[in-house]
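J.: Please read through the structure below; I'll follow up with questions.
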Amino acid sequence: MEELKVVDTRGVKIWRSLRRDKGAMLGASFILLVVLMAACANLAPFGPAEMDWDVSLDADAPTVLPPSAKHWLGTDRTTYDVFSRLLHGARLSLLTGLAAVGLALLVGVPLGALSGYAGGRVDGLIMRCVDVMLAFPSIVLAIAIATLLDQRTVTTVIVAVGVVNVPTIARQVRASVLQVKTQEFVLAAQAMGLGPVRILARHVLPNCLAPIIVLSTLGVGYAILSAAGLNFLGLGPEPTVAEWGVMLTDGYSYVLQDQQWVVIPPGAAIAITVLGFNLVGDGLRKALDPRAR
Amino acid sequence: MLVFTLRRIVLAVPLLLFTSFLVFAIVTAFPGDPCGEKMGPRPNPEALQTCRSNLNLDGSFGERYGNFMSGLARGDLGRDIHTEESISDEIWLRFPATLELSFVALFLAFVIGSWIGTRSALRPGSWIDACGQLVSLGGVSIPVFWLGMLLIALFGVKLGWLPFSGWSAEEVGPGVDYATGFYLTESLARLEFGAFFNALKHLLLPAVALATIPLATITRMTRSAVLEEVGKDYVTTARAKGLSERQILRKHVRRNALIPVITITGLQLGTLLSGAVLTETVFSWPGMGTYMMAGVRSRSYPAIMGCMLLFVVIFVLVNLLVDLLYHWIDPRMRDEA
């Protein structure tokens, strides 16, 4: 019970610091907006891949319609409603960002913890692998992984972006573990005869949480941006899927014909989502690490 | 210093070997049979064999890796599956376009970023500081390919001020007989100013889009570096000596503050070269990025391998150079080596 209280006061402190941070609050409201968009996707006037038959059956009418009362943000070339696709796209973007960072954490945290705690040869081996992966420009590695998986799906993009983020997470976790493992309470736990897994899970990692939380929050924004890039390059799902990067690829040809409404909403949506996670990540960094202020 | 330099260079060799192995392993593991797909359902056995040996698809993994490495040592990256052109020739044709684009973008980012960064550090909380924060947040949040589209829509299509595609000798400098692919540099060196400005016009939109990536980091770094320097004692001394604020800034603060900024700018070059993949696709820029993506689409594995290798080598070398430069500039770092 007492332990719970201690955690609580720390949480309250962090929350207060975040509340005072205007940037973080702005970022949080951006994220909230995107979450609302995702939650309301079912209420959208049209489905994510629903054609407007009134338009598509009329051979003379142009399929790309400017914004109107019926189609708030216009339609794309398949007569899909841009506004409805924007809402559905929010789900995919959040899913991609969170799942990619989740994957990177799932692999990166154990690797980094093992490397930092075991030291010696294990550490050397893991860190050399990390160096090799970091020698690749991230988008080049992501393109290679997506090509390797050879399936144009959301999962492909999640795996590609997730794997690319593993070395960054592993390196940060290793650095934090190295710092924490020299402290007395770890020595005490070792003296009590606890096994390495238990010490890592119960004593070391909980004390490394702050940098991991900051890195993960910033990572979600970065992952959404990278995923949009891969989708734009044509490595993501098919054009029928309502994904923001895919919508940008699809609308690109219309930019040249001076019809920008197809590309402005999805691009702005990506920018706002990524900005939201970046602002909250910066705020968390300031709240969790007093030295950063 | 010499020992440190040599040690760093020696350490980079195994890293390059491992990365080249990884490139080979990843591309070898790509699914599908590019030759079978190219030849159709009833292939001519001889042509199929030629295609397979051109692509280094025969033999065990070890043999193929041996072929790959011996080719690499000779500078031979294989032939394109469709055009049968030499990959290394094709890459050298496109590399100048990527390099000039990246350097112009980096130059723009450095000039604008260090100016905004310095101004916002001198007046924290002013409108220019707010601008700087907006720039550094926008740079990491706005998708570069979307920004490219907006630039095309506004300056290319709506206003019609600037061209947004076409980087070839005929379009850039008609009548100029270019010896290299460095159209901008070469036209300047030959004092062909008409062609130079024309090339600059073609470069401007993609370079501005690409510049936003390093601009964010450079602005942030300059701001914190200048903020740190203006609080130091030597600035007070300079002021007491009666130097004008302008002189203090130009002769003292900026020179000290820009050292870390220059290193960061250098480090961005590697990121930029690969960030060019997206920018090049938007502007149909005939560089390495579009070539690599064409390779992905047409399953020309040697082309993908060649581009990946070049990107990695540049990335590793730039990091190495920056590392060495840093130790050379800042003597305090040398003792640790």
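By convention in this document, the chains of the structure tokens carry letters A, B, ... by their order, each chain's residues are numbered from 1, and ligands are numbered from 1 in the order they are shown.
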With a distance cut-off of 8 Å and only C-alpha atoms, select the neighbouring residues of Lys158 of chain B, excluding the residue or stretch itself and same-chain residues fewer than 4 positions from it, and output the selection as a ChimeraX atom specification.
T.: /A:258 /B:153-154
J.: List every residue of chain B that has an atom at most 9 Å from any atom of chain A, giving for each one its closest atom pair and the distance in Å to one decimal, counting only C-alpha atoms, sorted by chain and then by ascending residue number, as CSV.
T.:
```
residue,atom,partner,partner_atom,distance
B:Leu15,CA,A:Val132,CA,6.3
B:Leu16,CA,A:Val132,CA,8.2
B:Phe18,CA,A:Val132,CA,6.7
B:Thr19,CA,A:Val132,CA,5.7
B:Leu22,CA,A:Val132,CA,8.4
B:Val23,CA,A:Ala144,CA,8.7
B:Ile26,CA,A:Leu148,CA,7.0
B:Val27,CA,A:Leu148,CA,7.4
B:Ala29,CA,A:Leu148,CA,6.8
B:Phe30,CA,A:Leu148,CA,4.7
B:Pro31,CA,A:Leu148,CA,6.5
B:Gly32,CA,A:Asp150,CA,8.7
B:Leu137,CA,A:Leu275,CA,7.0
B:Gly138,CA,A:Leu275,CA,7.4
B:Val140,CA,A:Leu275,CA,7.9
B:Ser141,CA,A:Leu275,CA,5.1
B:Ile142,CA,A:Ala271,CA,4.7
B:Pro143,CA,A:Leu225,CA,6.4
B:Val144,CA,A:Gly229,CA,8.6
B:Phe145,CA,A:Gly229,CA,7.6
B:Trp146,CA,A:Gly267,CA,5.8
B:Leu147,CA,A:Gly267,CA,8.3
B:Met149,CA,A:Val255,CA,6.9
B:Leu150,CA,A:Ile264,CA,8.0
B:Ile152,CA,A:Leu256,CA,7.6
B:Ala153,CA,A:Val255,CA,5.8
B:Leu154,CA,A:Asp258,CA,8.9
B:Gly156,CA,A:Leu256,CA,8.4
B:Val157,CA,A:Asp258,CA,6.3
B:Lys158,CA,A:Asp258,CA,6.8
B:Gly270,CA,A:Pro137,CA,7.2
B:Thr271,CA,A:Pro137,CA,6.2
B:Leu273,CA,A:Pro137,CA,8.6
B:Ser274,CA,A:Pro137,CA,6.1
B:Gly275,CA,A:Ile139,CA,7.3
B:Val277,CA,A:Ile139,CA,8.2
B:Leu278,CA,A:Gly229,CA,7.0
B:Thr281,CA,A:Leu233,CA,7.7
B:Val282,CA,A:Tyr252,CA,8.4
B:Met293,CA,A:Leu233,CA,7.7
B:Val296,CA,A:Thr147,CA,7.1
B:Arg297,CA,A:Gly234,CA,9.0
B:Ile304,CA,A:Ala144,CA,8.4
B:Met308,CA,A:Val140,CA,6.8
B:Phe311,CA,A:Pro137,CA,7.2
B:Val312,CA,A:Phe136,CA,5.4
B:Val313,CA,A:Ala135,CA,8.4
B:Phe315,CA,A:Ala135,CA,6.6
B:Val316,CA,A:Ala135,CA,6.0
```
J.: Give me, as a list in words, all polymer residues having an atom no more than 12 Å from segment 38-47 of chain B, counting only C-alpha atoms and skipping those fewer than 6 positions away in the same chain.
T.: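 Everything that qualifies: Gly32, Ser53, Asn54, Ile81, His82, Thr83, Ser298, Arg299 and Ser300 of chain B.
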J.: Could you take the residues named above and write them with N, CA, C and O atoms, as an mmCIF file, in the first residue's frame?
T.:
```
data_model
loop_
_atom_site.group_PDB
_atom_site.id
_atom_site.type_symbol
_atom_site.label_atom_id
_atom_site.label_comp_id
_atom_site.auth_asym_id
_atom_site.auth_seq_id
_atom_site.Cartn_x
_atom_site.Cartn_y
_atom_site.Cartn_z
ATOM 1 N N GLY B 32 10.647 -14.605 -54.401
ATOM 2 C CA GLY B 32 10.327 -14.529 -55.824
ATOM 3 C C GLY B 32 11.499 -14.902 -56.694
ATOM 4 O O GLY B 32 12.630 -15.005 -56.224
ATOM 5 N N SER B 53 22.805 -16.272 -64.126
ATOM 6 C CA SER B 53 24.204 -16.031 -63.785
ATOM 7 C C SER B 53 24.499 -14.538 -63.759
ATOM 8 O O SER B 53 25.316 -14.077 -62.971
ATOM 9 N N ASN B 54 23.776 -13.745 -64.601
ATOM 10 C CA ASN B 54 23.928 -12.292 -64.530
ATOM 11 C C ASN B 54 23.557 -11.777 -63.151
ATOM 12 O O ASN B 54 24.164 -10.860 -62.619
ATOM 13 N N ILE B 81 18.571 -6.386 -64.482
ATOM 14 C CA ILE B 81 17.874 -7.540 -65.009
ATOM 15 C C ILE B 81 17.147 -7.230 -66.312
ATOM 16 O O ILE B 81 17.089 -8.061 -67.208
ATOM 17 N N HIS B 82 16.643 -6.030 -66.462
ATOM 18 C CA HIS B 82 15.863 -5.721 -67.666
ATOM 19 C C HIS B 82 16.701 -5.070 -68.758
ATOM 20 O O HIS B 82 16.690 -5.499 -69.892
ATOM 21 N N THR B 83 17.440 -4.008 -68.399
ATOM 22 C CA THR B 83 18.171 -3.271 -69.419
ATOM 23 C C THR B 83 19.542 -3.875 -69.686
ATOM 24 O O THR B 83 20.176 -3.545 -70.688
ATOM 25 N N SER B 298 10.924 -3.163 -60.141
ATOM 26 C CA SER B 298 11.180 -4.077 -61.262
ATOM 27 C C SER B 298 11.938 -5.321 -60.798
ATOM 28 O O SER B 298 12.365 -6.120 -61.604
ATOM 29 N N ARG B 299 12.118 -5.470 -59.486
ATOM 30 C CA ARG B 299 12.835 -6.611 -58.917
ATOM 31 C C ARG B 299 14.226 -6.756 -59.493
ATOM 32 O O ARG B 299 14.707 -7.865 -59.715
ATOM 33 N N SER B 300 14.891 -5.636 -59.721
ATOM 34 C CA SER B 300 16.271 -5.698 -60.176
ATOM 35 C C SER B 300 17.155 -5.714 -58.936
ATOM 36 O O SER B 300 17.581 -4.685 -58.438
#
```
J.: Excluding Ala24 of chain A and any residue of its chain fewer than 3 positions from it, enumerate the residues within 8 Å of it, using only C-alpha atoms, and give them as a ChimeraX atom specification.
T.: /A:18-19,21,27-28,276,279-284
J.: Considering only C-alpha atoms, can you say which of A:Leu86, A:Met192, A:Leu73, A:Leu288 comes closest to Val246 of chain A?
T.: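 Ranking A:Leu86, A:Met192, A:Leu73, A:Leu288 by distance to Val246 of chain A, first place goes to A:Leu86.
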J.: Determine, counting only C-alpha atoms, which protein, DNA and RNA residues have an atom within 10 Å of an atom of Leu200 of chain A; residues of the same chain fewer than 2 positions away are not included. Present the result as number ranges by chain.
T.: A: 110, 113-114, 117, 177, 181, 186, 194-198, 202-207
J.: In Å, how far is it from atom CA of Leu125 of chain A to atom CA of Arg7 of chain B?
T.: 19.6 Å
J.: What is the distance, in Å and to one decimal place, between atom CA of Ala179 of chain B and atom CA of Arg94 of chain B?
T.: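 A separation of 13.8 Å between them.
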J.: Counting only C-alpha atoms, what is within 6 Å of segment 153-166 of chain A, bar same-chain residues fewer than 5 positions away, as number ranges by chain?
T.: A: 96, 100-101, 103-104, 108, 142, 145-146, 236-237
J.: For Arg220 of chain B, list every protein, DNA or RNA residue within 9 Å, evaluated using only C-alpha atoms, and leave out those in the same chain fewer than 4 positions away; present the list as JSON, numbers by chain.
T.: {"B": [113, 114, 117, 132, 133, 136, 215, 216, 224, 225]}
J.: Please write the residues from the selection above to a file, keeping N, CA, C and O atoms, as a PDB file, in the first residue's frame.
T.:
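The resulting file, result-v3.pdb, is reproduced below:
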```pdb
ATOM      1  N   GLY B 113      19.198  27.955 -40.755  1.00  0.00           N
ATOM      2  CA  GLY B 113      19.113  27.422 -39.389  1.00  0.00           C
ATOM      3  C   GLY B 113      20.035  28.145 -38.426  1.00  0.00           C
ATOM      4  O   GLY B 113      19.637  28.473 -37.306  1.00  0.00           O
ATOM      5  N   SER B 114      21.277  28.424 -38.854  1.00  0.00           N
ATOM      6  CA  SER B 114      22.190  29.067 -37.903  1.00  0.00           C
ATOM      7  C   SER B 114      21.772  30.526 -37.686  1.00  0.00           C
ATOM      8  O   SER B 114      21.941  31.058 -36.594  1.00  0.00           O
ATOM      9  N   GLY B 117      18.673  30.329 -35.403  1.00  0.00           N
ATOM     10  CA  GLY B 117      19.127  29.838 -34.098  1.00  0.00           C
ATOM     11  C   GLY B 117      19.843  30.914 -33.307  1.00  0.00           C
ATOM     12  O   GLY B 117      19.593  31.096 -32.110  1.00  0.00           O
ATOM     13  N   GLY B 132      11.593  30.112 -34.555  1.00  0.00           N
ATOM     14  CA  GLY B 132      12.597  29.053 -34.517  1.00  0.00           C
ATOM     15  C   GLY B 132      12.038  27.766 -33.960  1.00  0.00           C
ATOM     16  O   GLY B 132      12.299  26.676 -34.460  1.00  0.00           O
ATOM     17  N   GLN B 133      11.226  27.893 -32.887  1.00  0.00           N
ATOM     18  CA  GLN B 133      10.645  26.691 -32.297  1.00  0.00           C
ATOM     19  C   GLN B 133       9.659  26.038 -33.252  1.00  0.00           C
ATOM     20  O   GLN B 133       9.583  24.806 -33.341  1.00  0.00           O
ATOM     21  N   SER B 136      11.685  24.195 -35.831  1.00  0.00           N
ATOM     22  CA  SER B 136      12.295  22.937 -35.415  1.00  0.00           C
ATOM     23  C   SER B 136      11.237  21.862 -35.149  1.00  0.00           C
ATOM     24  O   SER B 136      11.504  20.685 -35.344  1.00  0.00           O
ATOM     25  N   LEU B 215      17.197  21.309 -41.150  1.00  0.00           N
ATOM     26  CA  LEU B 215      16.948  22.658 -40.639  1.00  0.00           C
ATOM     27  C   LEU B 215      16.515  22.613 -39.170  1.00  0.00           C
ATOM     28  O   LEU B 215      16.984  23.404 -38.347  1.00  0.00           O
ATOM     29  N   ALA B 216      15.648  21.668 -38.838  1.00  0.00           N
ATOM     30  CA  ALA B 216      15.142  21.561 -37.474  1.00  0.00           C
ATOM     31  C   ALA B 216      16.283  21.341 -36.489  1.00  0.00           C
ATOM     32  O   ALA B 216      16.428  22.068 -35.497  1.00  0.00           O
ATOM     33  N   SER B 224      20.889  26.446 -28.710  1.00  0.00           N
ATOM     34  CA  SER B 224      21.410  26.065 -27.395  1.00  0.00           C
ATOM     35  C   SER B 224      22.902  26.372 -27.304  1.00  0.00           C
ATOM     36  O   SER B 224      23.391  26.761 -26.237  1.00  0.00           O
ATOM     37  N   ALA B 225      23.644  26.250 -28.427  1.00  0.00           N
ATOM     38  CA  ALA B 225      25.081  26.530 -28.377  1.00  0.00           C
ATOM     39  C   ALA B 225      25.330  28.016 -28.124  1.00  0.00           C
ATOM     40  O   ALA B 225      26.162  28.377 -27.295  1.00  0.00           O
TER      41      ALA B 225
END
```
J.: Would you mind telling me which residue in B:Leu106, B:Leu227, B:Leu2, B:Leu122 lies nearest to Arg246 of chain B when using only C-alpha atoms?
T.: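 Counting only C-alpha atoms, the residue closest to Arg246 of chain B is B:Leu122.
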J.: Kindly give the distance, in Å, that separates atom CA of Arg171 of chain A and atom CA of Glu184 of chain A, rounded to a single decimal.
T.: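 Separation of atom CA of Arg171 of chain A and atom CA of Glu184 of chain A: 23.2 Å.
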